[in-house]
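Participant: TSV, C-alpha atoms, saved as coords.tsv, coming up:
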```
chain	number	residue	atom	x	y	z
A	1	MET	CA	0.00	0.00	0.00
A	2	ARG	CA	1.06	3.57	-0.50
A	3	THR	CA	0.51	6.54	1.75
A	4	SER	CA	-1.61	9.38	0.41
A	5	THR	CA	0.08	12.14	-1.52
A	6	GLY	CA	-1.09	14.68	1.05
A	7	LEU	CA	0.53	12.85	3.95
A	8	ALA	CA	3.75	12.26	2.03
A	9	LEU	CA	3.92	15.97	1.15
A	10	ALA	CA	3.27	16.98	4.75
A	11	LEU	CA	6.04	14.72	5.99
A	12	LEU	CA	8.39	16.15	3.37
A	13	LEU	CA	7.59	19.76	4.18
A	14	THR	CA	7.99	19.33	7.91
A	15	GLY	CA	11.45	17.86	7.42
A	16	VAL	CA	12.89	20.71	5.31
A	17	GLY	CA	15.65	22.93	6.67
A	18	PRO	CA	17.44	23.22	10.00
A	19	LEU	CA	15.52	24.09	13.13
A	20	GLY	CA	15.69	27.63	14.42
A	21	ALA	CA	16.12	28.43	18.10
A	22	ASP	CA	12.42	29.24	18.47
A	23	ASP	CA	11.43	25.86	17.02
A	24	ARG	CA	13.84	24.00	19.29
A	25	ASP	CA	12.51	25.85	22.32
A	26	ALA	CA	8.90	25.20	21.29
A	27	VAL	CA	9.52	21.46	20.92
A	28	ARG	CA	11.35	21.25	24.25
A	29	THR	CA	8.46	23.06	25.92
A	30	VAL	CA	5.85	20.69	24.48
A	31	VAL	CA	7.88	17.65	25.58
A	32	ALA	CA	8.48	19.05	29.07
A	33	GLU	CA	4.79	19.87	29.52
A	34	ALA	CA	3.78	16.43	28.23
A	35	ILE	CA	6.12	14.69	30.66
A	36	LYS	CA	4.62	16.72	33.50
A	37	ALA	CA	1.05	15.99	32.34
A	38	HIS	CA	1.71	12.24	32.41
A	39	GLY	CA	3.01	12.32	35.98
A	40	GLY	CA	6.55	13.71	35.74
A	41	GLU	CA	9.97	12.21	35.14
A	42	ASP	CA	10.11	10.03	38.25
A	43	ALA	CA	6.72	8.51	37.46
A	44	LEU	CA	7.47	7.89	33.79
A	45	ALA	CA	10.76	6.20	34.72
A	46	LYS	CA	8.60	3.30	35.94
A	47	LEU	CA	7.80	2.52	32.30
A	48	ARG	CA	11.27	1.01	31.86
A	49	ALA	CA	9.52	-2.20	32.93
A	50	VAL	CA	5.79	-2.47	32.44
A	51	VAL	CA	3.08	-5.11	32.29
A	52	ARG	CA	-0.16	-4.13	30.60
A	53	LYS	CA	-3.29	-6.27	30.74
A	54	SER	CA	-5.92	-5.24	28.24
A	55	ALA	CA	-9.00	-6.33	26.34
A	56	GLY	CA	-10.92	-5.24	23.27
A	57	GLN	CA	-11.57	-6.27	19.69
A	58	VAL	CA	-9.20	-7.05	16.83
A	59	THR	CA	-10.11	-7.37	13.15
A	60	VAL	CA	-9.45	-10.85	11.76
A	61	SER	CA	-10.45	-11.64	8.15
A	62	GLY	CA	-12.78	-8.65	8.17
A	63	LYS	CA	-14.52	-9.61	11.41
A	64	GLU	CA	-14.11	-8.12	14.89
A	65	VAL	CA	-12.95	-10.76	17.36
A	66	PRO	CA	-12.71	-10.16	21.14
A	67	PHE	CA	-9.29	-10.48	22.69
A	68	ALA	CA	-7.58	-10.43	26.07
A	69	GLU	CA	-3.89	-9.64	26.22
A	70	GLU	CA	-0.89	-9.39	28.50
A	71	HIS	CA	2.03	-7.32	27.23
A	72	THR	CA	5.31	-7.27	29.16
A	73	ALA	CA	8.05	-4.91	28.04
A	74	GLN	CA	11.51	-3.53	28.67
A	75	LEU	CA	11.60	-1.17	25.73
A	76	PRO	CA	12.93	-0.76	23.15
A	77	GLU	CA	14.75	-4.11	23.10
A	78	ARG	CA	12.52	-6.65	24.80
A	79	CYS	CA	8.81	-7.39	24.82
A	80	ARG	CA	6.45	-10.32	25.17
A	81	ARG	CA	2.84	-10.26	24.00
A	82	GLU	CA	0.35	-13.01	24.82
A	83	THR	CA	-3.01	-12.54	23.10
A	84	GLU	CA	-6.04	-14.79	23.51
A	85	LEU	CA	-8.52	-14.47	20.66
A	86	ARG	CA	-12.08	-15.50	21.51
A	87	ALA	CA	-14.33	-16.41	18.59
A	88	GLY	CA	-17.46	-17.85	20.16
A	89	ALA	CA	-16.53	-20.97	22.13
A	90	GLN	CA	-13.16	-21.16	20.37
A	91	LYS	CA	-9.99	-19.67	21.79
A	92	LEU	CA	-6.62	-19.16	20.12
A	93	LEU	CA	-3.47	-18.11	21.96
A	94	VAL	CA	-1.04	-15.99	19.94
A	95	LEU	CA	2.42	-15.41	21.42
A	96	VAL	CA	5.12	-13.03	20.17
A	97	VAL	CA	8.46	-12.46	21.90
A	98	VAL	CA	11.25	-10.06	20.91
A	99	ASN	CA	14.57	-10.14	22.72
A	100	GLY	CA	17.09	-7.88	21.00
A	101	ASP	CA	18.12	-9.51	17.72
A	102	LYS	CA	16.02	-12.63	18.31
A	103	GLY	CA	12.31	-13.27	18.13
A	104	TRP	CA	9.77	-16.08	18.34
A	105	GLN	CA	6.08	-16.52	17.70
A	106	SER	CA	3.33	-19.09	17.83
A	107	ALA	CA	-0.37	-19.21	17.03
A	108	GLY	CA	-1.95	-22.16	18.75
A	109	GLY	CA	0.89	-24.44	17.77
A	110	ALA	CA	4.64	-24.88	17.72
A	111	VAL	CA	6.93	-21.95	18.49
A	112	ILE	CA	8.98	-20.81	15.50
A	113	ASP	CA	11.85	-18.37	15.06
A	114	VAL	CA	10.80	-15.04	13.54
A	115	GLY	CA	12.35	-14.30	10.15
A	116	ALA	CA	14.58	-11.27	9.59
A	117	ALA	CA	11.92	-9.15	7.85
A	118	ARG	CA	9.27	-9.83	10.49
A	119	LEU	CA	11.75	-9.26	13.32
A	120	LYS	CA	12.56	-5.85	11.86
A	121	GLU	CA	8.86	-4.97	11.81
A	122	LEU	CA	8.45	-6.05	15.43
A	123	ARG	CA	11.53	-4.12	16.53
A	124	GLU	CA	10.18	-0.99	14.83
A	125	ASP	CA	6.88	-1.48	16.67
A	126	ALA	CA	8.81	-1.70	19.96
A	127	TYR	CA	10.85	1.42	19.09
A	128	ALA	CA	7.69	3.41	18.33
A	129	GLN	CA	6.11	2.25	21.59
A	130	TRP	CA	9.28	3.24	23.47
A	131	LEU	CA	8.92	6.79	22.17
A	132	THR	CA	5.41	6.97	23.61
A	133	THR	CA	6.91	6.51	27.09
A	134	LEU	CA	8.07	10.15	26.56
A	135	LEU	CA	11.24	10.26	28.69
A	136	PRO	CA	13.46	9.25	25.72
A	137	LEU	CA	12.36	12.47	23.98
A	138	LYS	CA	14.23	14.38	26.70
A	139	THR	CA	17.08	12.04	27.61
A	140	ASP	CA	18.17	10.32	24.38
A	141	ALA	CA	20.57	12.53	22.43
A	142	SER	CA	20.26	10.37	19.29
A	143	LEU	CA	16.66	11.50	18.78
A	144	ARG	CA	16.02	14.60	16.68
A	145	LEU	CA	12.80	16.49	17.37
A	146	ALA	CA	10.97	18.92	15.11
A	147	PRO	CA	7.59	20.67	15.35
A	148	LEU	CA	4.62	19.60	13.23
A	149	PRO	CA	1.63	21.69	12.21
A	150	GLU	CA	-1.22	21.76	14.70
A	151	ALA	CA	-3.80	19.07	13.99
A	152	LYS	CA	-7.18	17.82	15.23
A	153	VAL	CA	-7.17	14.50	17.11
A	154	ASN	CA	-10.31	13.08	18.70
A	155	GLY	CA	-11.98	16.35	17.73
A	156	GLU	CA	-9.56	18.49	19.78
A	157	PRO	CA	-6.55	20.64	18.76
A	158	ALA	CA	-3.23	18.84	19.15
A	159	LEU	CA	0.42	19.89	18.99
A	160	GLY	CA	2.72	17.67	16.95
A	161	VAL	CA	6.35	16.60	17.36
A	162	LYS	CA	8.24	14.62	14.71
A	163	VAL	CA	10.84	12.23	16.13
A	164	SER	CA	13.70	11.14	13.86
A	165	SER	CA	16.53	8.70	14.53
A	166	LYS	CA	19.08	6.99	12.29
A	167	GLY	CA	17.92	3.57	11.20
A	168	HIS	CA	14.26	4.18	12.10
A	169	ALA	CA	11.24	5.62	10.35
A	170	ASP	CA	10.07	9.01	11.59
A	171	VAL	CA	7.37	8.90	14.26
A	172	ASN	CA	4.87	11.74	14.63
A	173	LEU	CA	3.51	12.26	18.12
A	174	TYR	CA	0.53	14.49	18.88
A	175	PHE	CA	-0.34	15.95	22.27
A	176	GLU	CA	-3.72	17.44	23.14
A	177	LYS	CA	-3.23	21.18	23.23
A	178	LYS	CA	-5.19	21.69	26.41
A	179	SER	CA	-3.98	18.80	28.57
A	180	ARG	CA	-0.66	17.92	26.85
A	181	LEU	CA	-1.60	14.24	27.07
A	182	LEU	CA	-0.40	12.04	24.21
A	183	VAL	CA	-3.36	11.42	21.89
A	184	LYS	CA	-1.81	10.02	18.70
A	185	SER	CA	1.22	8.26	17.26
A	186	GLU	CA	1.68	8.05	13.49
A	187	ARG	CA	4.41	6.54	11.27
A	188	GLN	CA	5.17	4.78	8.04
A	189	ALA	CA	5.88	1.10	8.57
A	190	SER	CA	6.42	-2.17	6.77
A	191	GLU	CA	3.68	-4.72	7.29
A	192	GLY	CA	3.86	-8.03	5.45
A	193	GLY	CA	6.09	-6.48	2.79
A	194	ASP	CA	3.82	-3.47	2.17
A	195	THR	CA	4.52	0.11	3.23
A	196	VAL	CA	1.60	1.36	5.28
A	197	VAL	CA	0.74	4.14	7.70
A	198	LYS	CA	0.26	2.91	11.26
A	199	GLU	CA	-1.70	5.13	13.63
A	200	GLU	CA	-2.62	4.76	17.27
A	201	THR	CA	-4.99	7.10	19.07
A	202	PHE	CA	-5.00	7.23	22.86
A	203	SER	CA	-7.79	8.21	25.23
A	204	GLY	CA	-9.48	7.25	28.50
A	205	TYR	CA	-6.51	8.31	30.60
A	206	LYS	CA	-6.30	7.06	34.18
A	207	GLU	CA	-3.61	7.19	36.84
A	208	PHE	CA	-1.64	4.02	37.63
A	209	ASP	CA	0.84	4.35	40.51
A	210	GLY	CA	1.34	8.01	39.69
A	211	VAL	CA	1.54	7.59	35.89
A	212	LYS	CA	-1.26	8.79	33.61
A	213	LEU	CA	-1.78	6.20	30.88
A	214	PRO	CA	-4.49	5.49	28.29
A	215	THR	CA	-7.08	2.77	28.81
A	216	ARG	CA	-8.33	3.00	25.22
A	217	VAL	CA	-6.06	2.60	22.19
A	218	VAL	CA	-7.35	2.40	18.62
A	219	GLN	CA	-4.87	1.19	16.02
A	220	THR	CA	-5.31	1.60	12.27
A	221	VAL	CA	-3.08	0.06	9.61
A	222	GLY	CA	-3.23	1.43	6.08
A	223	GLY	CA	-6.32	3.48	6.94
A	224	LYS	CA	-8.28	0.48	8.26
A	225	LYS	CA	-9.04	-0.17	11.91
A	226	PHE	CA	-6.99	-3.11	13.14
A	227	SER	CA	-7.66	-3.16	16.87
A	228	ASP	CA	-9.64	-1.33	19.53
A	229	THR	CA	-8.36	-1.75	23.07
A	230	THR	CA	-11.26	-0.72	25.27
A	231	GLU	CA	-9.81	-1.40	28.72
A	232	ALA	CA	-6.30	-1.58	30.13
A	233	ALA	CA	-4.46	-1.73	33.45
A	234	TYR	CA	-0.74	-1.31	34.09
A	235	LYS	CA	1.81	-2.54	36.63
A	236	PHE	CA	5.47	-1.62	36.98
A	237	PRO	CA	7.49	-4.55	38.36
A	238	SER	CA	10.83	-3.72	39.96
A	239	LYS	CA	12.33	-6.74	38.22
A	240	LEU	CA	11.42	-8.97	35.28
A	241	GLU	CA	12.76	-12.49	35.08
A	242	GLU	CA	15.14	-13.23	32.20
A	243	ALA	CA	12.98	-16.19	31.23
A	244	THR	CA	10.16	-13.79	30.42
A	245	PHE	CA	11.94	-12.86	27.20
A	246	GLY	CA	13.47	-16.26	26.47
A	247	LYS	CA	12.36	-18.70	23.79
A	248	PRO	CA	8.99	-20.11	24.88
```
Could you render the structure from this file as structure tokens?
Facilitator:
Amino acid sequence: MRTSTGLALALLLTGVGPLGADDRDAVRTVVAEAIKAHGGEDALAKLRAVVRKSAGQVTVSGKEVPFAEEHTAQLPERCRRETELRAGAQKLLVLVVVNGDKGWQSAGGAVIDVGAARLKELREDAYAQWLTTLLPLKTDASLRLAPLPEAKVNGEPALGVKVSSKGHADVNLYFEKKSRLLVKSERQASEGGDTVVKEETFSGYKEFDGVKLPTRVVQTVGGKKFSDTTEAAYKFPSKLEEATFGKP
């Protein structure tokens, strides 16, 4: 699939020319205010290790199927996702694990090694999720930030920040203008060999151990809704066992 001409042009225009001092200051201000809105630096540091339990619907072969999921992560290098799909009386457990340069998956059967192309896709997903934890935007010197034009997300004005890093696709993050909460992540990605636009919109924010996090996440791939997480809860373990990210 190809992205729309309008989006491609917008991405091109926002990447032209060096940033002026005013732009750099504006981006730093948005990031600082967003970090504060989500609970502050000490609270967000808890996201270095996180377990999220969630439920919702995912689109499979054109039909919405309920799911329940547990996602354990030490981003951007390690994550484990266990998803139970529930189609009527039938249940299917889908497992995906990424541990640095290795990955495994299974869907109701034997565990197999993830191929190089799929592993790259999964690692890009983990990188994009890592950016949504916000602290890297302030602390990681390898990330380049630039302002994006104001947009409407969930019907409300939002301020945009483009995040660039060598070896990764650009990720556009949007923060609600009023609250500074993260409301959207957008990027070009490879999915099954096609280039698509992946979007996630975030809402239903609640506080978990001092961190404000979304309980609803809607993901679209190539302009089509892929999943709708309608409830979520988070925990921040002080330690995760190495076996968590080992080969199942």
Participant: What does the distance from CA of Lys239 (chain A) to CA of Leu181 (chain A) come to in Å, to one decimal?
Facilitator: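 Going from CA of Lys239 (chain A) over to CA of Leu181 (chain A), I get 27.5 Å.
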Participant: Using only C-alpha atoms for the distances, tell me which of A:Leu134, A:Val217, A:Leu47, A:Leu173 is nearest to Ala151 (chain A).
Facilitator: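 Of A:Leu134, A:Val217, A:Leu47, A:Leu173, the one nearest Ala151 (chain A) is A:Leu173, counting only C-alpha atoms.
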Participant: State, in Å with one decimal place, the distance from CA of Ala49 (chain A) to CA of Leu240 (chain A).
Facilitator: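 Computing it gives 7.4 Å between the two atoms.
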Participant: Under the rule that only C-alpha atoms are counted, which of A:Arg52, A:Ala146, A:Arg86, A:Asp25 is the nearest residue to Glu64 (chain A)?
Facilitator: A:Arg86
Participant: Nearest to Pro157 (chain A) among A:Leu85, A:Lys178, A:Trp104, A:Arg48, with distances taken over all atoms listed in the file: which residue is it?
Facilitator: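 Closest to Pro157 (chain A), using all atoms listed in the file: A:Lys178.
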Participant: Counting only C-alpha atoms, figure out which residue out of A:Val51, A:Ala128, A:Val211, A:Leu143 gets nearest to Thr72 (chain A).
Facilitator: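 Smallest distance to Thr72 (chain A) is found for A:Val51.
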Participant: Tell me, as a PyMOL selection string, which residues lie within 10 Å of Thr244 (chain A), counting all atoms listed in the file; anything in the same chain fewer than 3 positions away does not count.
Facilitator: chain A and resi 72-73+78-80+97+99+240-241+247-248
Participant: Please, what distance in Å, to one decimal, runs between CA of Asp194 (chain A) and CA of Gly222 (chain A)?
Facilitator: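 CA of Asp194 (chain A) sits 9.4 Å away from CA of Gly222 (chain A).
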